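First up is the structure itself, then whatever we jot down about it.
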Amino acid sequence: MKDLNQLLLNFNHKQNFNYDDFYVSKSNFYAFEILEKWPKWEKNILNLYGEKFCGKSHLANIFCKKNKSKKIEEKQLNDDIIKELKLFEIIVLDNFINITEERILYALFNLIDNDNKYLLINSIVPINEMNFKLIDLKSRSKNCLFAKIDSPDDDLMFAIILKSFSDRQITIDKKLIDFIIKRIDRSYGKIAEFIYKIDELSLKKKKPINLKTIKEIL
C-alpha cells in the first residue's frame with residue numbers, strides 16, 4: 001500500500017477504486033487480508049460489514065478486478081439475475097440492506113452451495129443480525145465468514161482526509177489534518193460530511209482552507 005506522502009497525487013474529483021488508493025490500517029486489516037486470501041476461505045460466503053463510507057465498496061472493486069468477479073447491487077437481485085449468475089465463479093453483492101425478497105436471496109445462497117461458487121456480501125450490519133423470516137435463510141446467514149471494518153484509527157483518518165482533499169485538488173498542511181483528527185468524531189460518515197462541507201464552503205468563499213475555516217465547520 002502507498003505511504004501517506006504518496007497519496008498527495010493530482011487525482012480527479014471522483015472516487016478512485018484502485019488497489020494503491022486503499023490505505024490499510026488496523027481498522028480494516030482483517031477485511032483486507034481475508035479478501036487477499038481468496039480462494040483459501042474456510043467458507044464460500046463472506047460478509048464484509050461496517051458503517052457507511054468505511055471502504056467496503058472500494059475493497060469489493062479491488063477484489064473484482066483481481067479475481068474477475070460478477071458485481072451486482074442488491075436492487076439488481078431478481079429471478080433473472082440468478083440465472084445469469086450461474087456463469088460466474090465469484091459473485092459480489094454490494095450495498096445489501098435486506099430489501100430483497102427472501103426467496104431470491106435464499107436461491108442465491110443455494111446457488112453458491114450447490115455449484116461451489118463464492119459470494120461476497122457487503123452490508124452495514126452483519127447479515128446474521130438481520131431479521132430474516134425464512135428459517136432456512138436465517139440459519140444459512142449464520143454459517144458464513146464475517147469481516148468487520150472497525151471505526152477508523154488515527155492513521156486511517158489521516159489517510160482518508162488527505163486523500164479526500166487530494167481528490168478535490170486541494171492542498172492542506174498536515175498540521176491542519178492533525179488538528180481535525182483530534183476534534184472530529186471517529187466516524188467515516190462524519191469525516192465524509194466534514195469534507196463535503198469544507199469543500200462547499202471553500203468553493204463559495206473562493207478562499208484557501210485554513211484553520212479558521214476548519215474551526216467554523218467543526
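Naming scheme: A, B, ... for chains in displayed order of the C-alpha cells; residues 1 onward per chain; ligands 1 onward as shown.
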Using only C-alpha atoms, which residues sit within 9 Å of Leu176 in chain A once same-chain residues fewer than 6 positions away are excluded, as a count of residues only?
3
If we count only C-alpha atoms and set the cut-off at 6 Å, which residues sit around Leu48 in chain A, ignoring sequence neighbours fewer than 2 positions away in its own chain? Please answer as a VMD selection string.
chain A and resid 122 147 to 148
Picked from chain A by DSSP as strand (DSSP E), as an MDAnalysis selection string:
chainID A and resid 45:49 70:73 90:96 118:123 145:148
How would you write, as JSON, numbers by chain, the set of residues in chain A that DSSP gives as alpha helix (DSSP H)?
{"A": [29, 30, 31, 32, 33, 34, 35, 36, 56, 57, 58, 59, 60, 61, 62, 63, 64, 65, 66, 67, 79, 80, 81, 82, 83, 84, 85, 102, 103, 104, 105, 106, 107, 108, 109, 110, 111, 112, 113, 114, 135, 136, 137, 138, 139, 140, 141, 142, 154, 155, 156, 157, 158, 159, 160, 161, 162, 163, 164, 165, 166, 167, 174, 175, 176, 177, 178, 179, 180, 181, 182, 183, 188, 189, 190, 191, 192, 193, 194, 195, 196, 197, 198, 199, 200, 201, 202, 203, 204, 205, 211, 212, 213, 214, 215, 216, 217]}
As JSON, numbers by chain, please: the residues near Asp153 in chain A (cut-off 9 Å, only C-alpha atoms, same-chain neighbours under 6 positions excluded).
{"A": [25, 26, 27, 186]}
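Taking only C-alpha atoms into account, Gly50 in chain A lies nearest to A:Val125 out of the set A:Leu162, A:Glu193, A:Pro152, A:Val125.
Nearest residue to Glu42 in chain A among A:Cys144, A:Ile184, A:Ile177, A:Ile217 is A:Cys144, counting only C-alpha atoms.
Among A:Asn143, A:Ser123, A:Thr171, A:Ser57, the residue with the shortest atom-to-atom distance to Phe109 in chain A, counting only C-alpha atoms, is A:Asn143.
In terms of minimum interatomic distance to His58 in chain A, A:Asn95 ranks closest within A:Asn95, A:Thr213, A:Ser187, A:Asn44, counting only C-alpha atoms.
The environment of Asn98 in chain A within 9 Å, counting only C-alpha atoms and disregarding residues fewer than 4 places along the same chain, consists of Glu74, Glu102, Ser123, Ile127, Met130, Asn131 and Phe132 of chain A.
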Please produce a file of the residues just selected, as a tab-separated table (two decimals), in the first residue's frame, where the atoms kept are C-alpha atoms.
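Here's the written file result_16.tsv:
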chain	number	residue	atom	x	y	z
A	74	GLU	CA	-28.93	-5.52	-4.21
A	102	GLU	CA	-36.02	-13.61	0.91
A	123	SER	CA	-23.57	-4.64	4.30
A	127	ILE	CA	-26.33	-10.45	7.84
A	130	MET	CA	-30.81	-9.23	10.08
A	131	ASN	CA	-34.38	-10.22	10.82
A	132	PHE	CA	-34.93	-12.84	8.13
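Neighbouring residues of Arg103 in chain A at 9 Å or closer, counting only C-alpha atoms and skipping chain neighbours under 5 positions away, are Leu108, Leu134 and Leu137 of chain A.
Note that CA of Ser151 in chain A and CA of Asn61 in chain A are 20.7 Å apart.
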Rounded to one decimal place, report the CA of Asp113 in chain A-CA of Val92 in chain A distance in Å.
15.0 Å
Of the residues A:Ile121, A:Cys64, A:Leu203, A:Ala159, which is the one nearest to Leu105 in chain A, using only C-alpha atoms?
A:Ile121
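Distance annotation: of A:Leu87, A:Ile198, A:Ile97, A:Ala60, the residue with the minimal separation from Asp115 in chain A is A:Leu87; atom set is only C-alpha atoms.
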Two-atom distance - CA of Lys117 in chain A, CA of Glu89 in chain A (Å)
5.0 Å
